[in-house]
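K.L.:
Here you go, this is run11.cif (mmCIF, C-alpha atoms).
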data_start
loop_
_atom_site.label_atom_id
_atom_site.label_comp_id
_atom_site.auth_asym_id
_atom_site.auth_seq_id
_atom_site.Cartn_x
_atom_site.Cartn_y
_atom_site.Cartn_z
CA MET A 74 41.61 -40.03 108.88
CA ALA A 75 41.95 -42.43 111.78
CA VAL A 76 42.74 -46.14 111.93
CA GLU A 77 42.49 -48.64 114.79
CA PHE A 78 45.40 -51.03 115.13
CA GLN A 79 46.56 -53.56 117.67
CA GLY A 80 47.38 -51.45 120.68
CA GLY A 81 45.87 -48.09 119.81
CA VAL A 82 44.96 -45.71 117.02
CA VAL A 83 46.84 -43.88 114.30
CA ILE A 84 45.47 -40.57 113.07
CA GLY A 85 46.67 -38.50 110.15
CA ALA A 86 45.81 -35.40 108.18
CA ASP A 87 47.15 -33.05 105.52
CA SER A 88 48.19 -29.50 106.37
CA ARG A 89 46.29 -27.22 104.00
CA THR A 90 43.79 -24.53 105.01
CA THR A 91 42.13 -22.57 102.23
CA ILE A 92 40.06 -19.44 101.78
CA GLY A 93 38.42 -20.25 98.48
CA SER A 94 41.37 -21.21 96.36
CA TYR A 95 43.99 -19.27 98.35
CA ILE A 96 46.03 -21.40 100.73
CA SER A 97 45.99 -19.38 103.93
CA ASN A 98 48.05 -21.88 105.90
CA ARG A 99 50.15 -24.55 104.18
CA VAL A 100 51.47 -26.08 107.39
CA THR A 101 48.30 -26.38 109.48
CA ASP A 102 48.06 -28.86 112.32
CA LYS A 103 44.65 -30.46 111.99
CA LEU A 104 45.31 -33.02 114.71
CA THR A 105 44.18 -31.35 117.89
CA PRO A 106 44.50 -32.80 121.38
CA VAL A 107 41.48 -32.50 123.67
CA HIS A 108 43.02 -34.62 126.40
CA ASP A 109 46.27 -36.45 127.14
CA GLN A 110 45.32 -39.45 125.04
CA ILE A 111 42.36 -38.18 123.01
CA TYR A 112 42.79 -36.32 119.73
CA CYS A 113 40.44 -34.97 117.12
CA CYS A 114 40.89 -34.52 113.37
CA ARG A 115 39.16 -31.36 112.21
CA SER A 116 37.57 -30.78 108.80
CA GLY A 117 35.15 -28.17 107.50
CA SER A 118 35.24 -24.63 108.80
CA ALA A 119 38.49 -24.04 110.71
CA ALA A 120 36.82 -21.44 112.96
CA ASP A 121 33.96 -23.77 113.89
CA THR A 122 36.11 -26.81 114.58
CA GLN A 123 38.73 -24.89 116.56
CA PHE A 124 36.06 -23.40 118.76
CA ILE A 125 34.30 -26.72 119.30
CA ALA A 126 37.58 -28.47 120.10
CA ASP A 127 38.46 -25.75 122.60
CA LEU A 128 35.06 -26.16 124.28
CA VAL A 129 35.45 -29.92 124.52
CA ARG A 130 38.98 -29.54 125.90
CA TYR A 131 37.57 -27.14 128.49
CA TYR A 132 34.75 -29.50 129.53
CA LEU A 133 37.10 -32.46 129.82
CA GLN A 134 39.41 -30.42 132.04
CA ILE A 135 36.71 -28.99 134.29
CA VAL A 136 34.86 -32.22 135.01
CA GLN A 137 37.39 -34.55 136.61
CA HIS A 138 36.79 -38.07 137.77
CA ASN A 139 39.09 -40.68 139.29
CA GLU A 140 40.38 -41.71 135.91
CA PRO A 141 40.91 -40.06 132.53
CA PRO A 142 37.82 -39.58 130.34
CA SER A 143 36.96 -42.26 127.81
CA VAL A 144 37.10 -41.53 124.09
CA GLN A 145 33.37 -42.20 124.07
CA THR A 146 32.83 -39.35 126.52
CA ALA A 147 34.81 -36.93 124.38
CA ALA A 148 32.93 -38.08 121.28
CA ALA A 149 29.58 -37.62 123.02
CA LEU A 150 30.54 -34.04 123.94
CA PHE A 151 31.53 -33.33 120.34
CA GLN A 152 28.28 -34.83 119.13
CA GLU A 153 26.15 -32.75 121.48
CA LEU A 154 27.76 -29.55 120.21
CA CYS A 155 27.65 -30.55 116.55
CA TYR A 156 24.08 -31.87 116.61
CA GLN A 157 22.37 -29.17 118.66
CA ASN A 158 24.00 -26.41 116.62
CA LYS A 159 23.76 -28.13 113.27
CA ASP A 160 22.13 -25.11 111.59
CA TYR A 161 25.10 -22.88 112.37
CA LEU A 162 28.09 -25.16 111.97
CA LEU A 163 30.08 -26.71 109.20
CA ALA A 164 32.18 -29.22 111.10
CA GLY A 165 33.25 -32.77 110.32
CA ILE A 166 35.19 -34.19 113.26
CA ILE A 167 36.93 -37.50 113.88
CA VAL A 168 37.56 -38.29 117.55
CA ALA A 169 40.25 -40.88 118.25
CA GLY A 170 42.23 -41.93 121.27
CA TRP A 171 43.09 -44.53 123.83
CA ASP A 172 41.40 -45.29 127.12
CA LYS A 173 41.84 -48.08 129.63
CA HIS A 174 38.49 -49.82 129.21
CA ASN A 175 38.16 -49.84 125.43
CA GLY A 176 41.70 -49.54 124.11
CA GLY A 177 42.01 -47.61 120.88
CA THR A 178 38.66 -46.26 119.62
CA ILE A 179 37.53 -44.02 116.77
CA TYR A 180 34.33 -42.04 116.30
CA ASN A 181 33.31 -40.15 113.19
CA ILE A 182 30.96 -37.15 113.52
CA PRO A 183 29.96 -35.92 110.05
CA ILE A 184 28.22 -32.62 109.23
CA GLY A 185 24.71 -33.41 110.52
CA GLY A 186 25.95 -34.34 114.00
CA SER A 187 25.42 -38.09 113.93
CA LEU A 188 27.89 -40.36 115.72
CA HIS A 189 29.50 -43.42 114.13
CA ARG A 190 31.98 -45.75 115.76
CA GLN A 191 34.21 -47.42 113.16
CA PRO A 192 37.44 -49.46 112.94
CA PHE A 193 38.77 -46.84 110.55
CA THR A 194 37.34 -43.68 109.12
CA ILE A 195 38.11 -40.90 106.66
CA GLY A 196 36.74 -37.38 106.40
CA GLY A 197 37.25 -34.01 104.78
CA SER A 198 37.09 -32.99 101.14
CA GLY A 199 40.01 -35.17 100.05
CA SER A 200 38.38 -38.26 101.49
CA SER A 201 36.12 -38.63 98.45
CA PHE A 202 39.09 -39.69 96.37
CA ILE A 203 40.37 -42.42 98.63
CA TYR A 204 37.27 -44.41 99.56
CA GLY A 205 38.27 -47.08 97.06
CA TYR A 206 41.88 -47.21 98.21
CA CYS A 207 40.93 -47.39 101.88
CA ASP A 208 38.21 -50.01 101.43
CA ALA A 209 40.62 -52.18 99.46
CA ASN A 210 43.64 -51.81 101.73
CA PHE A 211 42.32 -51.67 105.27
CA LYS A 212 42.76 -54.77 107.42
CA LYS A 213 41.75 -55.28 111.02
CA ASN A 214 44.48 -55.73 113.66
CA MET A 215 47.32 -54.21 111.68
CA SER A 216 50.64 -53.60 113.34
CA GLN A 217 51.61 -50.04 114.22
CA ASN A 218 53.94 -49.73 111.23
CA GLU A 219 51.34 -51.10 108.82
CA ALA A 220 48.77 -48.66 110.15
CA VAL A 221 51.14 -45.70 109.80
CA GLU A 222 51.98 -46.69 106.21
CA PHE A 223 48.29 -47.09 105.42
CA VAL A 224 47.48 -43.62 106.75
CA LYS A 225 50.49 -41.97 105.12
CA ASN A 226 49.72 -43.49 101.72
CA ALA A 227 46.03 -42.73 101.88
CA VAL A 228 46.49 -39.09 102.89
CA THR A 229 49.17 -38.64 100.22
CA LEU A 230 46.84 -40.01 97.55
CA ALA A 231 44.06 -37.70 98.68
CA MET A 232 46.43 -34.74 98.60
CA SER A 233 47.49 -35.58 95.09
CA ARG A 234 43.94 -35.44 93.74
CA ASP A 235 42.16 -32.88 95.92
CA GLY A 236 42.99 -29.22 95.41
CA SER A 237 41.79 -28.39 98.90
CA SER A 238 44.29 -30.84 100.43
CA GLY A 239 48.06 -30.65 100.38
CA GLY A 240 51.23 -29.58 102.13
CA CYS A 241 52.63 -32.08 104.60
CA VAL A 242 51.33 -35.19 106.30
CA ARG A 243 51.03 -35.08 110.07
CA ILE A 244 50.46 -38.34 111.90
CA SER A 245 49.85 -39.10 115.55
CA ILE A 246 50.04 -42.51 117.19
CA ILE A 247 48.04 -42.89 120.41
CA THR A 248 48.59 -45.94 122.59
CA GLU A 249 48.58 -46.92 126.24
CA ASP A 250 52.06 -45.42 126.54
CA GLY A 251 51.07 -41.99 125.31
CA ILE A 252 51.30 -40.12 122.05
CA GLU A 253 53.94 -40.01 119.35
CA ARG A 254 53.89 -37.35 116.64
CA LEU A 255 55.27 -37.93 113.18
CA PHE A 256 55.89 -35.42 110.42
CA PHE A 257 56.41 -36.04 106.72
CA PRO A 258 57.33 -32.96 104.70
CA GLY A 259 55.56 -32.32 101.42
CA ASN A 260 58.68 -32.90 99.35
CA ASP A 261 59.28 -36.29 100.90
CA LEU A 262 56.02 -38.16 100.35
CA PRO A 263 55.40 -41.48 98.54
CA MET B 252 9.36 -35.77 88.44
CA ASP B 253 11.36 -34.36 91.33
CA HIS B 254 14.64 -36.19 91.34
CA PHE B 255 16.19 -34.39 94.32
CA SER B 256 15.93 -36.71 97.28
CA PHE B 257 16.46 -33.78 99.64
CA ASN B 258 13.11 -32.35 98.68
CA LEU B 259 10.89 -34.65 100.64
CA GLY B 260 8.88 -32.43 102.92
CA LYS B 261 10.38 -29.16 101.72
CA PRO B 262 8.38 -26.42 100.00
CA ARG B 263 8.85 -26.92 96.29
CA HIS B 264 11.56 -24.87 94.61
CA GLU B 265 11.30 -24.03 90.96
CA MET B 266 14.81 -22.60 90.95
CA THR B 267 17.50 -24.89 89.64
CA ASP B 268 20.60 -24.25 87.60
CA ARG B 269 20.35 -24.35 83.83
CA ARG B 270 21.07 -28.07 83.59
CA ASN B 271 18.72 -29.18 86.35
CA ILE B 272 21.63 -30.58 88.32
CA PHE B 273 21.84 -28.32 91.34
CA GLN B 274 19.17 -26.61 93.36
CA VAL B 275 19.49 -22.92 93.95
CA ASP B 276 18.43 -22.29 97.52
CA ILE B 277 17.41 -18.93 98.80
CA LYS B 278 17.57 -18.91 102.58
CA PRO B 279 15.67 -16.19 104.41
CA ARG B 280 17.87 -13.94 106.55
CA SER B 281 16.43 -12.72 109.83
CA GLU B 282 16.38 -8.93 110.28
CA SER B 283 17.14 -8.98 113.97
CA SER B 284 20.66 -10.05 114.86
CA THR B 285 19.68 -11.02 118.41
CA ASP B 286 17.15 -13.75 117.62
CA PRO B 287 18.50 -17.12 116.55
CA ILE B 288 17.57 -18.00 113.01
CA THR B 289 15.43 -21.13 113.12
CA ARG B 290 14.76 -22.64 109.76
CA THR B 291 13.99 -25.98 108.30
CA GLN B 292 17.18 -28.01 107.97
CA ARG B 293 18.20 -30.42 105.32
CA PRO B 294 18.94 -34.07 105.97
CA ILE B 295 22.64 -34.90 105.71
CA VAL B 296 23.36 -38.54 106.59
CA THR B 297 20.25 -40.45 105.61
CA GLY B 298 18.62 -43.87 105.66
CA THR B 299 16.31 -45.04 102.90
CA SER B 300 13.12 -47.14 102.97
CA VAL B 301 11.65 -49.03 105.91
CA ILE B 302 9.02 -51.65 105.13
CA ALA B 303 6.62 -53.45 107.44
CA LEU B 304 3.61 -55.72 107.45
CA LYS B 305 1.19 -57.46 109.83
CA TYR B 306 0.86 -61.23 109.73
CA GLN B 307 -0.82 -63.94 111.77
CA ASP B 308 1.58 -63.94 114.75
CA GLY B 309 2.26 -60.18 114.88
CA VAL B 310 4.26 -57.76 112.77
CA MET B 311 7.50 -57.73 110.76
CA LEU B 312 9.74 -54.81 109.80
CA ALA B 313 12.80 -54.57 107.57
CA ALA B 314 15.37 -51.89 106.77
CA ASP B 315 18.79 -51.99 105.15
CA ASN B 316 22.04 -51.18 106.95
CA LEU B 317 23.06 -48.15 104.90
CA ALA B 318 23.45 -44.50 105.89
CA SER B 319 24.07 -42.37 102.80
CA TYR B 320 25.81 -39.03 102.59
CA GLY B 321 24.10 -37.63 99.54
CA SER B 322 24.90 -40.13 96.85
CA LEU B 323 27.82 -41.63 98.78
CA ALA B 324 27.15 -44.94 100.51
CA ARG B 325 28.92 -43.69 103.62
CA PHE B 326 28.17 -46.03 106.54
CA LYS B 327 27.31 -49.63 105.78
CA ASP B 328 26.70 -51.03 109.24
CA VAL B 329 23.95 -48.79 110.57
CA GLU B 330 21.06 -50.45 112.41
CA ARG B 331 17.87 -48.63 111.50
CA LEU B 332 15.57 -50.97 113.42
CA TYR B 333 15.59 -50.09 117.11
CA PRO B 334 13.84 -52.00 119.89
CA VAL B 335 11.97 -49.90 122.47
CA GLY B 336 10.96 -52.03 125.44
CA GLU B 337 10.12 -55.68 124.98
CA PHE B 338 7.33 -55.49 122.44
CA THR B 339 8.05 -52.54 120.14
CA VAL B 340 10.50 -51.80 117.33
CA ILE B 341 10.84 -48.52 115.50
CA GLY B 342 12.25 -48.38 111.98
CA ALA B 343 13.77 -45.07 110.92
CA SER B 344 14.37 -43.46 107.56
CA GLY B 345 15.65 -39.95 106.92
CA ASP B 346 18.29 -38.06 108.85
CA ILE B 347 20.41 -40.33 111.03
CA SER B 348 21.47 -37.67 113.53
CA ASP B 349 17.79 -36.94 114.23
CA PHE B 350 17.16 -40.69 114.56
CA GLN B 351 19.97 -40.94 117.12
CA TYR B 352 18.39 -38.05 119.02
CA THR B 353 14.98 -39.73 118.86
CA LYS B 354 16.46 -42.99 120.20
CA HIS B 355 17.83 -41.00 123.12
CA LEU B 356 14.40 -39.38 123.73
CA LEU B 357 12.64 -42.75 123.67
CA ASP B 358 15.16 -44.35 126.02
CA ALA B 359 14.66 -41.44 128.42
CA GLU B 360 10.88 -41.82 128.26
CA MET B 361 11.08 -45.53 128.95
CA VAL B 362 13.26 -44.88 132.00
CA LYS B 363 10.94 -42.16 133.29
CA GLU B 364 7.94 -44.47 132.96
CA TYR B 365 9.87 -47.24 134.70
CA TYR B 366 10.57 -45.00 137.68
CA ILE B 367 6.89 -44.22 138.15
CA ASN B 368 6.81 -47.87 139.18
CA ASP B 369 3.13 -48.46 138.63
CA GLY B 370 3.47 -51.69 136.68
CA HIS B 371 2.71 -50.00 133.37
CA VAL B 372 5.17 -50.22 130.50
CA LEU B 373 4.95 -48.10 127.35
CA GLY B 374 3.69 -50.29 124.52
CA ALA B 375 3.68 -49.75 120.77
CA PRO B 376 0.52 -47.59 120.65
CA HIS B 377 1.98 -45.33 123.36
CA ILE B 378 5.32 -44.97 121.62
CA TYR B 379 3.38 -44.19 118.42
CA GLU B 380 1.37 -41.48 120.16
CA TYR B 381 4.42 -40.01 121.89
CA LEU B 382 6.43 -39.89 118.66
CA SER B 383 3.58 -38.30 116.76
CA ARG B 384 3.33 -35.52 119.38
CA VAL B 385 7.08 -34.89 119.29
CA MET B 386 7.21 -34.87 115.49
CA TYR B 387 4.20 -32.59 115.04
CA ASN B 388 5.48 -30.23 117.69
CA ARG B 389 8.88 -29.91 116.02
CA ARG B 390 7.18 -29.38 112.65
CA SER B 391 5.10 -26.59 114.17
CA GLN B 392 8.29 -24.87 115.29
CA ILE B 393 9.58 -25.10 111.72
CA ASN B 394 12.46 -27.24 113.00
CA PRO B 395 11.53 -30.81 112.16
CA LEU B 396 13.17 -34.09 113.03
CA TRP B 397 13.74 -35.09 109.44
CA ASN B 398 12.55 -38.67 109.65
CA ALA B 399 9.79 -41.07 108.72
CA TYR B 400 9.28 -43.72 111.41
CA VAL B 401 7.51 -47.04 111.34
CA VAL B 402 6.32 -48.12 114.78
CA GLY B 403 5.71 -51.85 114.97
CA GLY B 404 4.78 -53.93 117.99
CA TYR B 405 2.54 -56.36 119.79
CA HIS B 406 0.00 -55.04 122.28
CA ASN B 407 -3.21 -56.39 123.83
CA GLY B 408 -3.03 -59.65 121.98
CA GLU B 409 -2.59 -58.22 118.50
CA GLY B 410 -0.03 -56.67 116.19
CA PHE B 411 0.38 -52.90 115.95
CA LEU B 412 1.74 -51.00 112.96
CA GLY B 413 1.91 -47.23 112.58
CA TYR B 414 3.69 -44.48 110.61
CA VAL B 415 4.88 -41.07 111.86
CA ASP B 416 6.86 -38.57 109.81
CA LEU B 417 8.58 -35.19 109.84
CA LEU B 418 5.29 -33.36 109.20
CA GLY B 419 3.54 -35.10 112.06
CA THR B 420 1.51 -37.17 109.59
CA THR B 421 0.36 -40.41 111.18
CA TYR B 422 -1.54 -43.45 110.09
CA LYS B 423 -2.01 -47.11 110.95
CA SER B 424 -2.25 -49.85 108.38
CA SER B 425 -1.54 -53.53 107.91
CA SER B 426 1.33 -52.67 105.59
CA ILE B 427 3.62 -49.64 105.70
CA ALA B 428 6.62 -48.47 103.69
CA THR B 429 8.63 -45.24 103.79
CA GLY B 430 10.79 -43.55 101.15
CA PHE B 431 11.16 -45.43 97.90
CA GLY B 432 9.36 -48.31 99.51
CA ALA B 433 6.14 -46.31 99.40
CA TYR B 434 6.25 -46.51 95.62
CA LEU B 435 7.89 -49.88 95.02
CA ALA B 436 7.19 -52.07 98.04
CA GLN B 437 3.76 -50.96 99.25
CA PRO B 438 1.87 -52.37 96.23
CA ILE B 439 3.61 -55.71 96.72
CA LEU B 440 2.94 -55.73 100.46
CA ARG B 441 -0.70 -54.76 99.99
CA LYS B 442 -1.29 -57.54 97.50
CA VAL B 443 0.10 -60.07 99.93
CA VAL B 444 -1.39 -58.73 103.15
CA GLU B 445 -4.69 -57.01 102.61
CA GLY B 446 -7.53 -59.17 103.80
CA HIS B 447 -5.14 -61.88 104.94
CA GLU B 448 -3.52 -60.38 108.05
CA ASN B 449 -4.83 -63.10 110.28
CA THR B 450 -4.02 -65.99 107.97
CA LEU B 451 -0.64 -64.91 106.64
CA SER B 452 2.05 -67.30 107.85
CA GLU B 453 5.54 -66.33 109.01
CA GLU B 454 7.06 -67.89 105.92
CA GLU B 455 4.80 -65.94 103.59
CA ALA B 456 5.57 -62.74 105.47
CA ILE B 457 9.33 -63.29 105.23
CA ASN B 458 8.92 -64.03 101.54
CA ALA B 459 7.05 -60.77 100.97
CA ILE B 460 9.70 -58.82 102.86
CA GLU B 461 12.56 -60.40 100.94
CA THR B 462 10.88 -59.79 97.60
CA CYS B 463 10.40 -56.14 98.51
CA MET B 464 14.00 -55.71 99.69
CA LYS B 465 15.21 -57.28 96.45
CA VAL B 466 13.10 -54.91 94.36
CA LEU B 467 14.33 -51.97 96.40
CA PHE B 468 17.94 -53.01 95.91
CA TYR B 469 17.31 -53.30 92.17
CA ARG B 470 15.63 -49.92 91.83
CA ASP B 471 16.64 -47.63 94.72
CA ALA B 472 20.01 -46.04 94.07
CA ARG B 473 20.48 -45.31 97.77
CA SER B 474 19.96 -48.87 98.99
CA LEU B 475 22.24 -51.70 100.07
CA ASN B 476 21.84 -55.45 99.78
CA LYS B 477 22.49 -55.92 103.48
CA PHE B 478 19.54 -55.59 105.79
CA GLN B 479 17.86 -56.77 108.97
CA ARG B 480 14.39 -58.08 109.64
CA ALA B 481 12.51 -57.62 112.91
CA LYS B 482 9.69 -59.83 114.12
CA ILE B 483 7.44 -58.86 117.02
CA THR B 484 4.99 -61.38 118.45
CA ALA B 485 3.51 -62.33 121.79
CA GLN B 486 6.94 -63.78 122.56
CA GLY B 487 8.64 -60.41 122.13
CA VAL B 488 11.13 -58.81 119.76
CA GLU B 489 13.53 -60.73 117.49
CA ILE B 490 15.85 -58.80 115.18
CA THR B 491 17.93 -60.86 112.75
CA GLN B 492 21.62 -60.36 112.10
CA PRO B 493 22.29 -58.47 108.84
CA TYR B 494 21.85 -60.62 105.74
CA SER B 495 21.42 -60.33 101.95
CA VAL B 496 19.05 -61.60 99.30
CA ASP B 497 20.07 -63.28 96.04
CA THR B 498 19.84 -61.13 92.95
CA GLU B 499 19.50 -62.00 89.28
CA TRP B 500 21.81 -60.47 86.71
CA SER B 501 22.70 -63.35 84.38
CA PHE B 502 19.78 -62.60 82.08
CA ALA B 503 21.59 -59.45 81.03
CA GLU B 504 24.55 -61.22 79.46
CA GLY B 505 24.59 -61.10 75.70
CA GLN B 506 22.33 -58.07 75.55
#
Here is a file; write its structure as structure tokens.
P.N.:
Amino acid sequence: MAVEFQGGVVIGADSRTTIGSYISNRVTDKLTPVHDQIYCCRSGSAADTQFIADLVRYYLQIVQHNEPPSVQTAAALFQELCYQNKDYLLAGIIVAGWDKHNGGTIYNIPIGGSLHRQPFTIGGSGSSFIYGYCDANFKKNMSQNEAVEFVKNAVTLAMSRDGSSGGCVRISIITEDGIERLFFPGNDLP
Amino acid sequence: MDHFSFNLGKPRHEMTDRRNIFQVDIKPRSESSTDPITRTQRPIVTGTSVIALKYQDGVMLAADNLASYGSLARFKDVERLYPVGEFTVIGASGDISDFQYTKHLLDAEMVKEYYINDGHVLGAPHIYEYLSRVMYNRRSQINPLWNAYVVGGYHNGEGFLGYVDLLGTTYKSSSIATGFGAYLAQPILRKVVEGHENTLSEEEAINAIETCMKVLFYRDARSLNKFQRAKITAQGVEITQPYSVDTEWSFAEGQ
């Protein structure tokens, strides 16, 4: 999930990858950088999303302008890949980051390849269980600490109810000053 | 009655699980591994009904602000009425990613026409014709844009209202409704409009639209009581901010 706050965005995810009901990786990092201040949260097929994220990272590196790319640019690249190849992919991607002209921004790209800009967004299988919690507890213009607590609690709740989610909570805070990574081990969650 | 909303436009499947809850899909596998498999998709993030009618000053369209993900009311601030040029609005139902692609196509066409610089601007009938060609072409490649569009506008001194869908089906009428609206709203719209297009006032038209949107909210499980209304007249396009209609529930107390 990703949440806009005053000054940037906070993104978070669980750490479970499964093959059916076997947990193939219990400490996955689903928060993937595609540029210095642009991250994506990957859900769906790990192979598909890793490949797409690598492609977008490549494109953002190759095409350089005078200033860093906007989050909107990265999101548009993700959308193009997800939409045009919709028959072959199973990828739900959240693009979040900070750029100079728009501050912290979040884009959700669900399975079909549509693009949705939102103040906060959730995705992945565990998200079904926390729509109510998130709708009730989200506020605009939260402080950084409030946003981190919101994400940590929401992801923890999703993990507690969804078998395909679990492990640890990884959080990343992206602001004008850069990125800060936080880690909350699975035995130390609310 | 087919209660799977995904089945609009698809060949009918008799295969479901024992409790009629899930559909059992059998997808054809291509023999050659070099050719890409092109097959009809399924809509993922979808919009429901769009309704429209002609009245004395032009045309009006309405569509709610919901994009559903199956049964989940996923995105509640989606604008499904899109202005194209100064005198046309298209209303989209069906797959939202295909709608976003179509918006991009239309914007590109408008720019291309602008650069020809011959004083001509694409009006509603031209957008209608263009869309119908695109949609039929995609259908013929068995790779449809999974939408039903309402094209509404004002051209040559009168209102224009047309329908184009994923099969390439087209028609023009003084009242149009897609999705659930075709069953619930169209009879209401027809009663109000037919024969009276040139005498129907703006107030009566708004009333008809709001009645239809209320009925759709009551009876369409994939609808939202938050919608926008578009009006196109000789003065151009006006799309309202999202708003809601009042609903009656008090009669149900004590039942």
K.L.:
With distances taken over only C-alpha atoms, which of A:Ser118, A:Thr90, A:Thr194, A:Thr146 is nearest to chain B?
P.N.:
A:Thr194
K.L.:
Going by the chain IDs and residue numbers used in this file, which residues fall under the PyMOL selection byres ((chain A) within 8 of (chain B))? Write them as number ranges by chain.
P.N.:
A: 156, 160, 183-188
K.L.:
Using only C-alpha atoms, give me every residue within 9 Å of (52.3, -37.3, 97.7) in file coordinates, as number ranges by chain.
P.N.:
A: 225-226, 228-233, 239-242, 259-263
K.L.:
Just want the 10 Å neighbourhood of Asp102 in chain A, counted on only C-alpha atoms, with same-chain residues fewer than 5 positions away dropped. Output as JSON, numbers by chain.
P.N.:
{"A": [85, 86, 87, 88, 89, 90, 114, 115, 241, 242, 243, 244]}
K.L.:
One number please: CA of His355 in chain B to CA of Phe151 in chain A, in Å, one decimal.
P.N.:
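It comes out at 15.9 Å.
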K.L.:
Which residues fall under the PyMOL selection byres ((chain A and resi 172) around 10) in this file, as a list in words?
P.N.:
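The output of the PyMOL selection byres ((chain A and resi 172) around 10) on this file is Gly81, Gln110, Ile111, Glu140, Pro141, Pro142, Ser143, Val144, Gln145, Ala169, Gly170, Trp171, Lys173, His174, Asn175, Gly176, Gly177, Thr178, Ile247, Thr248 and Glu249 of chain A.
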K.L.:
By how many Å are CA of Ser216 in chain A and CA of Phe78 in chain A apart?
P.N.:
6.1 Å
K.L.:
For the file shown, what are the residues hit by the PyMOL selection byres ((chain A and resi 154) around 12), laid out as a PyMOL selection string?
P.N.:
chain A and resi 121-122+124-129+132+147-153+155-166+182+184-188
K.L.:
(5.0, -47.9, 130.6) in this file's frame - what residues fall within 12 Å of it? Use only C-alpha atoms and give the answer as a PyMOL selection string.
P.N.:
chain B and resi 335-339+357-378+381
K.L.:
In Å, rounded to a single decimal, give me how far CA of Asn316 in chain B is from CA of Pro493 in chain B.
P.N.:
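Value for the CA of Pro493 in chain B-CA of Asn316 in chain B distance: 7.5 Å.
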K.L.:
Compile the contact shell of Glu77 in chain A as a ChimeraX atom specification: residues with an atom at most 6 Å away, counting only C-alpha atoms, same-chain residues fewer than 3 positions apart removed.
P.N.:
/A:82,192-193
K.L.:
Between A:His138, A:Ala119, A:Asn218, A:Ile195, which residue has the minimum interatomic distance to Asn98 in chain A, considering all atoms listed in the file?
P.N.:
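Of A:His138, A:Ala119, A:Asn218, A:Ile195, the one nearest Asn98 in chain A, counting all atoms listed in the file, is A:Ala119.
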K.L.:
Identify, on the basis of only C-alpha atoms, every residue whose closest approach to range 431-447 of chain B does not exceed 7 Å; exclude the query and any residue fewer than 6 positions from it along the same chain; express the result as a PDB file with C-alpha atoms, in the frame of the given file.
P.N.:
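Written file, out_18.pdb:
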ATOM      1  CA  SER B 300      13.120 -47.140 102.970  1.00  0.00           C
ATOM      2  CA  VAL B 301      11.650 -49.030 105.910  1.00  0.00           C
ATOM      3  CA  ILE B 302       9.020 -51.650 105.130  1.00  0.00           C
ATOM      4  CA  ALA B 459       7.050 -60.770 100.970  1.00  0.00           C
ATOM      5  CA  CYS B 463      10.400 -56.140  98.510  1.00  0.00           C
ATOM      6  CA  LEU B 467      14.330 -51.970  96.400  1.00  0.00           C
ATOM      7  CA  ASP B 471      16.640 -47.630  94.720  1.00  0.00           C
TER       8      ASP B 471
END
